[in-house]
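**Q** Here you go, one structure.
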Amino acid sequence: MRKELPLLLTVLMALLVIFSYYSFHLNKLDILGTTDKWVTISMTAAVLIGTINLTRVQATNVIRRKEGWYNSLILLIVLYGYMILGLIQGLKGAQYDWLFQNVWVNCDSSMFSILAFYIASAAYRAFRVRSKEATVLLVAGIIVMLGNVPLGNLLWNQIPLVRNWIMEVGNAAPMRGILLGAYIGAFAVALRILLGIERAHLGGGN
Amino acid sequence: MNIFDRLQSIDKRILYVLLFFAIAFPLVNPVPLPMAIAPPTRAAYEWMKSLPDGGVLWVGGDYSASSIPELTPAGKAFVRMAFEKNMRVIHFTMWNTGANIMNAWLTGVAAEYNKQYGVDWVDIGYKPNATAILRHMTSNIIEAAGTDFYGTPLADLPLMQEVLALSPEYVDGIVELSTGSPGSATYLTYVVEQKGIEMVVACTAVSAAGDMPYFLSGQFKGLLNGMAGAAELEKLSGHPDKASASLGAQSFAHALIILFIILGNIGYIVNRRG
């Protein structure tokens, strides 16, 4: 019953949502509007469960003085401090917004800016003309890099046109194939879940 | 170790320092460079111009701080064009990190044009389970979202009393600032294809390859490719801003990386033949 009931619910809900899209009468009943609310409630509950679980794990680290316990303490202070501030002040509260704009935004931007340096180093070391395929990749990469900035246009005004061709023909054709393959795969997985063949989402082993 | 071995293994710290100056110098001393307009950017610009004066533009701000340099300038250029056409602007984000970022610059641009909040523009902000909320808004915005960014009931705002649903009857077009999922594909699935509203997308440069097929198929009416696309729209719309100013830095950085790649390959080819 632990497997059958969730499976039955999955199949029933999936059929209800699918038929609501295609049936005029079910669409009129606004079943999708109701299920949207259920999803919101479920996700909110998931956030609560996640917060409780995170607190339990991190608090254990602090209480038992495990290695790096001070990181767990900082996490808990930031988690609950920012949560309480947000609950009191709202999204546009002076201190809440100040912390977001001046701490979080800068930290997030800095983290991704550092990636530029790593990518530059990786590109220098990895891009070698070791084979014909690697040479094609290298030449296409350099043209797109140059075509994406005004310098390419300054060096030779045809570079942006070649870049456009690479993006709109050389890139788009295989990308369409990849996307089609991915969506057919996603459809197949959805169908397997709907038919009860795929049961990994129910958890547990045997 | 000969010179060609050295060319293949230049200390990465040298590359880091040079890259830092290649980015910093043009930012401090902007270098004007001639810019070619890519067809997807021109299509986005023409689409914006074709929207009716006084209409309603829906802006999706689905990004976080890491994409601010690429997407905020694009968003500003679109919203400036909209306000110049006396269009009303409604913003909604499916990213919780996007709410405060979008509100900060939208407030600034609205102030430039003396636009009144609630009448000329509304910021719905972020709502939990945003994908389901977005789908629900295609039939009823007030019921789906409830309140705006500030916690004010949407039903109390004059603009939202007029714009009842995210559908072609009320909204003339969508500008989506997209950096991943949920983003442009979410709008495509739940709004563009089902409701028939036209949409243009500004995406990060890394997403452009994946978004290009949708532009070519006509599902996106225009596509801005990263910071370069934003700078191109700034140029076309006559509002040069941060994207235009930053393109010099991006040019120098790209040139430096290409130079290092060429040096590494010269070392590799000569050594292989030797």
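We name chains A, B, ... following the order of the structure tokens; residues begin at 1 in each chain, and ligands are numbered from 1 as shown.
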Select all residues from chain B having any atom no more than 7 Å from an atom of chain A (counting only C-alpha atoms, ignoring ligands), output as an mmCIF file with C-alpha atoms, in the first residue's frame.

**A**
data_model
loop_
_atom_site.group_PDB
_atom_site.id
_atom_site.type_symbol
_atom_site.label_atom_id
_atom_site.label_comp_id
_atom_site.auth_asym_id
_atom_site.auth_seq_id
_atom_site.Cartn_x
_atom_site.Cartn_y
_atom_site.Cartn_z
ATOM 1 C CA LYS B 12 48.259 31.405 -14.927
ATOM 2 C CA TYR B 16 45.106 36.664 -14.286
ATOM 3 C CA LEU B 33 34.478 51.009 -30.744
ATOM 4 C CA PRO B 34 32.275 50.610 -33.860
ATOM 5 C CA MET B 35 29.405 48.207 -33.214
ATOM 6 C CA ALA B 36 27.573 45.982 -35.727
ATOM 7 C CA ALA B 65 23.030 39.191 -9.326
ATOM 8 C CA SER B 66 25.469 37.279 -11.535
ATOM 9 C CA PRO B 128 6.472 31.302 -4.402
ATOM 10 C CA ASN B 129 5.883 28.503 -6.911
ATOM 11 C CA ALA B 132 2.169 27.784 -11.368
ATOM 12 C CA HIS B 136 -2.679 30.945 -13.301
ATOM 13 C CA TYR B 150 5.212 46.117 -1.539
ATOM 14 C CA ALA B 209 23.121 29.149 -28.375
ATOM 15 C CA GLY B 210 20.161 27.361 -26.767
ATOM 16 C CA MET B 212 18.651 30.862 -30.983
ATOM 17 C CA PRO B 213 16.427 28.067 -32.468
ATOM 18 C CA ALA B 228 26.621 42.828 -26.679
ATOM 19 C CA LEU B 247 31.820 46.472 -24.227
ATOM 20 C CA GLN B 250 34.747 42.727 -22.918
ATOM 21 C CA SER B 251 36.597 43.392 -26.217
ATOM 22 C CA HIS B 254 38.312 38.497 -25.434
ATOM 23 C CA ILE B 257 42.229 35.288 -24.207
ATOM 24 C CA ILE B 258 42.465 34.767 -27.987
ATOM 25 C CA PHE B 260 46.944 33.469 -25.213
ATOM 26 C CA ILE B 261 45.181 30.660 -27.103
ATOM 27 C CA GLY B 264 49.713 28.241 -26.741
ATOM 28 C CA ASN B 265 48.931 26.749 -30.138
#

**Q** Would you please give, as number ranges by chain, all residues of chain A that DSSP assigns to helix (DSSP H, G or I) based on the backbone?

**A** A: 4-22, 24-28, 31-63, 69-89, 94-126, 132-147, 150-155, 159-194, 200-202

**Q** Have a look at atom CA of Asn71 of chain A and atom CA of Ala59 of chain A and let me know their distance in Å, one decimal.

**A** 10.8 Å

**Q** Would you mind reading off the distance between atom CA of Ile142 of chain B and atom CA of Gly222 of chain B, one decimal, in Å?

**A**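 Computed distance, atom CA of Ile142 of chain B to atom CA of Gly222 of chain B, equals 29.1 Å.
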
**Q** Need the shell around Val270 of chain B: protein/DNA/RNA residues with any atom at most 7 Å away, counting only C-alpha atoms. Skip same-chain ones fewer than 4 positions apart. Format as a ChimeraX atom specification?

**A** /B:4,266,274

**Q** Near Ile74 of chain A, counting only C-alpha atoms, which residues have an atom at most 12 Å away, once you skip same-chain residues fewer than 4 positions from it, shown as a PyMOL selection string?

**A** chain A and resi 55+58-59+61-62+68-70+78-82

**Q** Keeping only C-alpha atoms, take the residues you just selected and write them out as a CSV table (one decimal), in the first residue's frame.

**A**
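Saved the output as selection-v7.csv:
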chain,number,residue,atom,x,y,z
A,55,THR,CA,18.6,23.4,11.2
A,58,GLN,CA,23.8,22.4,11.3
A,59,ALA,CA,22.8,22.6,15.0
A,61,ASN,CA,27.5,20.3,14.0
A,62,VAL,CA,27.6,23.2,16.5
A,68,GLY,CA,34.2,23.6,10.8
A,69,TRP,CA,31.3,24.0,13.3
A,70,TYR,CA,31.7,27.8,13.2
A,78,VAL,CA,22.3,34.3,8.7
A,79,LEU,CA,19.4,31.9,7.9
A,80,TYR,CA,17.3,32.9,11.0
A,81,GLY,CA,18.5,36.5,11.2
A,82,TYR,CA,17.7,37.3,7.6

**Q** Would you please give, as a ChimeraX atom specification, all residues of segment 135-223 of chain B that DSSP assigns to strand (DSSP E) based on the backbone?

**A** /B:173-178,199-203,222-223

**Q** Just to be explicit: take each residue in the selection above, keep N, CA and C atoms, and write the result as a CSV table (one decimal), in the first residue's frame.

**A**
chain,number,residue,atom,x,y,z
B,173,GLY,N,2.6,42.7,-25.3
B,173,GLY,CA,3.8,42.0,-25.5
B,173,GLY,C,4.6,41.7,-24.3
B,174,ILE,N,5.5,40.8,-24.4
B,174,ILE,CA,6.3,40.4,-23.2
B,174,ILE,C,7.8,40.6,-23.5
B,175,VAL,N,8.5,41.2,-22.6
B,175,VAL,CA,10.0,41.2,-22.6
B,175,VAL,C,10.5,40.3,-21.5
B,176,GLU,N,11.2,39.3,-21.9
B,176,GLU,CA,11.7,38.3,-20.9
B,176,GLU,C,13.2,38.4,-20.7
B,177,LEU,N,13.6,38.8,-19.5
B,177,LEU,CA,15.1,38.8,-19.2
B,177,LEU,C,15.4,37.5,-18.5
B,178,SER,N,16.0,36.6,-19.3
B,178,SER,CA,16.1,35.2,-18.9
B,178,SER,C,17.6,34.8,-18.7
B,199,MET,N,6.6,37.7,-27.8
B,199,MET,CA,7.6,37.9,-26.7
B,199,MET,C,9.0,38.1,-27.4
B,200,VAL,N,9.8,39.0,-26.8
B,200,VAL,CA,11.2,39.1,-27.1
B,200,VAL,C,12.0,38.7,-25.9
B,201,VAL,N,13.2,38.2,-26.1
B,201,VAL,CA,14.0,37.6,-25.0
B,201,VAL,C,15.4,38.3,-25.0
B,202,ALA,N,15.8,38.7,-23.8
B,202,ALA,CA,17.2,39.1,-23.6
B,202,ALA,C,17.8,38.0,-22.7
B,203,CYS,N,18.8,37.3,-23.2
B,203,CYS,CA,19.4,36.2,-22.4
B,203,CYS,C,20.9,36.5,-22.2
B,222,GLY,N,12.4,38.5,-31.1
B,222,GLY,CA,13.7,39.1,-31.1
B,222,GLY,C,14.5,38.5,-30.0
B,223,LEU,N,15.9,38.6,-30.1
B,223,LEU,CA,16.7,38.0,-29.1
B,223,LEU,C,18.0,38.8,-28.9

**Q** Please produce, as a Markdown table, a per-residue contact table for segment 19-59 of chain B versus segment 91-112 of chain B (criterion: any atom at most 12 Å away, only C-alpha atoms considered), showing the nearest atom pair and its distance in Å to one decimal, sorted by chain then residue number.

**A**
| residue | atom | partner | partner_atom | distance |
| --- | --- | --- | --- | --- |
| B:Val56 | CA | B:His91 | CA | 10.8 |
| B:Leu57 | CA | B:His91 | CA | 8.6 |
| B:Trp58 | CA | B:His91 | CA | 6.0 |
| B:Val59 | CA | B:His91 | CA | 4.7 |

**Q** With only C-alpha atoms as the basis for distance, which of B:Pro32, B:Pro39, B:Asp172, B:Tyr117 is at the shortest distance from Asp53 of chain B?

**A**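 When distances to Asp53 of chain B are compared using only C-alpha atoms, the smallest one comes from B:Asp172.
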
**Q** Could you work out how far atom CA of Asp62 of chain B lies from atom CA of Gln219 of chain B, giving the answer in Å with one decimal?

**A**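 Taking atom CA of Gln219 of chain B and atom CA of Asp62 of chain B, their separation equals 18.6 Å.
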